[in-house]
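Trainee: Sending over my_file-v2.pdb (PDB, C-alpha atoms, pLDDT in the B column).
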```
ATOM      1  CA  MET E   1     -11.442  13.375  -3.707  1.00 67.00           C
ATOM      2  CA  THR E   2      -8.812  10.665  -4.194  1.00 81.00           C
ATOM      3  CA  HIS E   3      -8.778   6.908  -4.676  1.00 85.00           C
ATOM      4  CA  TYR E   4      -7.708   6.688  -1.056  1.00 94.00           C
ATOM      5  CA  ASP E   5     -11.035   8.056   0.198  1.00 95.00           C
ATOM      6  CA  ALA E   6     -12.366   4.528  -0.369  1.00 97.00           C
ATOM      7  CA  LEU E   7      -9.561   3.133   1.809  1.00 97.00           C
ATOM      8  CA  ARG E   8     -10.383   5.701   4.501  1.00 96.00           C
ATOM      9  CA  ASP E   9     -14.052   4.721   4.415  1.00 97.00           C
ATOM     10  CA  TYR E  10     -13.177   1.009   4.535  1.00 97.00           C
ATOM     11  CA  LEU E  11     -10.914   1.495   7.543  1.00 97.00           C
ATOM     12  CA  LYS E  12     -13.510   3.598   9.355  1.00 96.00           C
ATOM     13  CA  GLU E  13     -15.911   0.642   9.165  1.00 96.00           C
ATOM     14  CA  GLN E  14     -13.424  -1.739  10.810  1.00 95.00           C
ATOM     15  CA  LYS E  15     -13.827  -2.677  14.448  1.00 91.00           C
ATOM     16  CA  LEU E  16     -10.547  -4.568  14.833  1.00 93.00           C
ATOM     17  CA  PRO E  17      -7.670  -2.823  16.619  1.00 94.00           C
ATOM     18  CA  GLU E  18      -5.307  -4.149  13.948  1.00 96.00           C
ATOM     19  CA  LEU E  19      -5.658  -5.626  10.474  1.00 96.00           C
ATOM     20  CA  VAL E  20      -3.398  -6.573   7.580  1.00 96.00           C
ATOM     21  CA  LEU E  21      -4.345  -6.059   3.942  1.00 97.00           C
ATOM     22  CA  SER E  22      -2.458  -7.239   0.875  1.00 97.00           C
ATOM     23  CA  PHE E  23      -1.684  -4.783  -1.886  1.00 96.00           C
ATOM     24  CA  GLU E  24      -4.236  -6.654  -4.008  1.00 97.00           C
ATOM     25  CA  GLU E  25      -6.935  -6.166  -1.356  1.00 97.00           C
ATOM     26  CA  ILE E  26      -6.109  -2.462  -1.114  1.00 96.00           C
ATOM     27  CA  GLU E  27      -6.255  -2.134  -4.907  1.00 97.00           C
ATOM     28  CA  GLU E  28      -9.672  -3.773  -4.865  1.00 97.00           C
ATOM     29  CA  ILE E  29     -10.869  -1.347  -2.169  1.00 97.00           C
ATOM     30  CA  ILE E  30      -9.592   1.744  -3.996  1.00 96.00           C
ATOM     31  CA  ASP E  31     -10.518   0.376  -7.438  1.00 96.00           C
ATOM     32  CA  ALA E  32      -7.103   1.343  -8.800  1.00 95.00           C
ATOM     33  CA  SER E  33      -3.542   0.067  -8.951  1.00 95.00           C
ATOM     34  CA  LEU E  34      -1.106   1.178  -6.292  1.00 95.00           C
ATOM     35  CA  PRO E  35       1.927   3.048  -7.624  1.00 93.00           C
ATOM     36  CA  ARG E  36       5.368   1.442  -7.622  1.00 91.00           C
ATOM     37  CA  ALA E  37       6.243   3.743  -4.713  1.00 89.00           C
ATOM     38  CA  ALA E  38       3.896   1.670  -2.519  1.00 90.00           C
ATOM     39  CA  GLN E  39       6.652  -0.965  -2.420  1.00 88.00           C
ATOM     40  CA  ARG E  40       8.672   1.386  -0.213  1.00 86.00           C
ATOM     41  CA  ALA E  41       7.911   1.350   3.500  1.00 84.00           C
ATOM     42  CA  SER E  42       8.288   5.132   3.654  1.00 84.00           C
ATOM     43  CA  TRP E  43       5.329   5.573   1.279  1.00 85.00           C
ATOM     44  CA  TRP E  44       3.011   4.073   3.899  1.00 86.00           C
ATOM     45  CA  GLU E  45       4.594   5.290   7.135  1.00 83.00           C
ATOM     46  CA  THR E  46       2.050   7.633   8.673  1.00 70.00           C
ATOM     47  CA  GLN E  47       4.375   8.678  11.488  1.00 67.00           C
ATOM     48  CA  ARG E  48       7.357   9.492   9.272  1.00 63.00           C
ATOM     49  CA  SER E  49       7.541  13.064   7.969  1.00 60.00           C
ATOM     50  CA  PRO E  50       4.069  14.093   9.213  1.00 58.00           C
ATOM     51  CA  GLN E  51       4.518  17.500   7.562  1.00 64.00           C
ATOM     52  CA  GLU E  52       4.622  15.763   4.163  1.00 67.00           C
ATOM     53  CA  LYS E  53       0.964  15.402   3.160  1.00 72.00           C
ATOM     54  CA  MET E  54       0.304  12.334   1.024  1.00 84.00           C
ATOM     55  CA  PRO E  55      -3.232  11.140   0.203  1.00 88.00           C
ATOM     56  CA  GLN E  56      -2.703   7.516   1.260  1.00 90.00           C
ATOM     57  CA  ARG E  57      -1.275   8.600   4.616  1.00 88.00           C
ATOM     58  CA  GLU E  58      -4.020  11.166   5.180  1.00 90.00           C
ATOM     59  CA  ALA E  59      -6.693   8.545   4.443  1.00 93.00           C
ATOM     60  CA  CYS E  60      -5.268   6.213   7.086  1.00 91.00           C
ATOM     61  CA  LEU E  61      -4.942   8.952   9.675  1.00 90.00           C
ATOM     62  CA  GLU E  62      -8.457  10.268   9.028  1.00 93.00           C
ATOM     63  CA  ALA E  63      -9.751   6.741   9.606  1.00 94.00           C
ATOM     64  CA  GLY E  64      -7.816   6.565  12.887  1.00 94.00           C
ATOM     65  CA  TYR E  65      -5.172   4.068  11.771  1.00 94.00           C
ATOM     66  CA  ILE E  66      -1.394   4.014  11.585  1.00 92.00           C
ATOM     67  CA  ALA E  67      -0.143   2.207   8.469  1.00 92.00           C
ATOM     68  CA  THR E  68       3.083   0.199   8.251  1.00 91.00           C
ATOM     69  CA  ARG E  69       4.221  -1.820   5.240  1.00 91.00           C
ATOM     70  CA  MET E  70       5.072  -5.347   6.321  1.00 90.00           C
ATOM     71  CA  PRO E  71       8.684  -6.377   5.699  1.00 85.00           C
ATOM     72  CA  TYR E  72       9.366  -8.714   2.784  1.00 80.00           C
ATOM     73  CA  GLY E  73       6.010  -8.500   1.175  1.00 79.00           C
ATOM     74  CA  ARG E  74       3.161  -6.712  -0.419  1.00 91.00           C
ATOM     75  CA  ARG E  75       1.073  -6.250   2.703  1.00 95.00           C
ATOM     76  CA  VAL E  76       0.257  -3.341   4.973  1.00 95.00           C
ATOM     77  CA  LYS E  77      -0.604  -3.461   8.671  1.00 95.00           C
ATOM     78  CA  PHE E  78      -3.165  -0.948   9.900  1.00 96.00           C
ATOM     79  CA  LYS E  79      -3.198  -0.373  13.651  1.00 95.00           C
ATOM     80  CA  LYS E  80      -5.888   1.707  15.311  1.00 95.00           C
ATOM     81  CA  MET E  81      -4.502   4.822  16.975  1.00 89.00           C
ATOM     82  CA  PRO E  82      -5.232   5.260  20.657  1.00 83.00           C
ATOM     83  CA  ARG E  83      -8.073   7.699  21.259  1.00 73.00           C
ATOM     84  CA  GLU E  84      -7.130  10.934  22.909  1.00 64.00           C
ATOM     85  CA  ARG E  85      -8.985  11.649  26.109  1.00 52.00           C
TER      86      ARG E  85
END
```
Please rewrite the model in this file as structure tokens.

Mentor:
Amino acid sequence: MTHYDALRDYLKEQKLPELVLSFEEIEEIIDASLPRAAQRASWWETQRSPQEKMPQREACLEAGYIATRMPYGRRVKFKKMPRER
């Protein structure tokens, strides 16, 4: 179990196809501080290096969202993945 399980659970409850959360909102959800690495876009990118398992990426994917850090800020966009038929 990781801090990011709370993020996964939060995202699973969302009905919006896309949402943006600030780092502060994410920290509130996970009840922990994000590491400095979260400032890098690559830390969030769920489609980059899929073989590299990272708990924050796995949480987003398990919830059905693709995460992308927004440029020039401390915000992350979560976009619902299309459902496979």

Trainee: With the file shown as input, list the residues that the PyMOL selection byres ((chain E and resi 8-12) around 6) selects, as a list of chain:residue names.

Mentor: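 This file, filtered by the PyMOL selection byres ((chain E and resi 8-12) around 6), leaves E:Asp5, E:Ala6, E:Leu7, E:Glu13, E:Gln14, E:Ala59, E:Cys60, E:Ala63.
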
Trainee: At a cut-off of 10 Å, using all atoms listed in the file, what residues contact Asp31 of chain E? Leave out same-chain residues fewer than 4 positions from it and give the result as a short mmCIF file (atom, residue, chain, number, x, y, z; two decimals) with C-alpha atoms, in the coordinates of the input.

Mentor:
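Below you can see result.cif, which holds the result:
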```cif
data_model
loop_
_atom_site.label_atom_id
_atom_site.label_comp_id
_atom_site.auth_asym_id
_atom_site.auth_seq_id
_atom_site.Cartn_x
_atom_site.Cartn_y
_atom_site.Cartn_z
CA HIS E 3 -8.78 6.91 -4.68
CA TYR E 4 -7.71 6.69 -1.06
CA ALA E 6 -12.37 4.53 -0.37
CA LEU E 7 -9.56 3.13 1.81
CA GLU E 25 -6.94 -6.17 -1.36
CA ILE E 26 -6.11 -2.46 -1.11
CA GLU E 27 -6.26 -2.13 -4.91
#
```

Trainee: Counting only C-alpha atoms, which residues of segment 9-63 of chain E sit at most 7 Å from some atom of segment 78-81 of chain E, and what is each one's closest atom pair with its distance in Å to one decimal, listed by chain and rising residue number, as a Markdown table?

Mentor:
```
| residue | atom | partner | partner_atom | distance |
| --- | --- | --- | --- | --- |
| E:Pro17 | CA | E:Lys80 | CA | 5.0 |
| E:Glu18 | CA | E:Lys79 | CA | 4.3 |
| E:Leu19 | CA | E:Phe78 | CA | 5.3 |
| E:Val20 | CA | E:Phe78 | CA | 6.1 |
```

Trainee: Distance atom CA of Gln56 of chain E-atom CA of Arg74 of chain E, one decimal place?

Mentor: 15.5 Å

Trainee: So how many Å separate atom CA of Lys53 of chain E and atom CA of Tyr72 of chain E, to one decimal?

Mentor: 25.5 Å

Trainee: To one decimal place in Å, what is the distance between atom CA of Ala32 of chain E and atom CA of Pro71 of chain E?

Mentor: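 Separating atom CA of Ala32 of chain E from atom CA of Pro71 of chain E is a distance of 22.8 Å.
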
Trainee: Using all atoms listed in the file for the distances, tell me which of E:Arg83, E:Met54, E:Leu21, E:Ile66 is nearest to Ala37 of chain E.

Mentor: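 Using all atoms listed in the file, Ala37 of chain E sits closest to E:Met54.
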
Trainee: Measuring atom to atom with all atoms listed in the file, identify which of E:Arg75, E:Arg40, E:Arg69, E:Arg57 is nearest to Ser22 of chain E.

Mentor: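 Between E:Arg75, E:Arg40, E:Arg69, E:Arg57, the residue approaching Ser22 of chain E most closely is E:Arg75.
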
Trainee: With only C-alpha atoms as the atoms that count, which of E:Glu28, E:Lys77, E:Phe23, E:Lys15 lies nearest to Glu45 of chain E?

Mentor: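 Looking at the shortest contact to Glu45 of chain E, the residue is E:Lys77.
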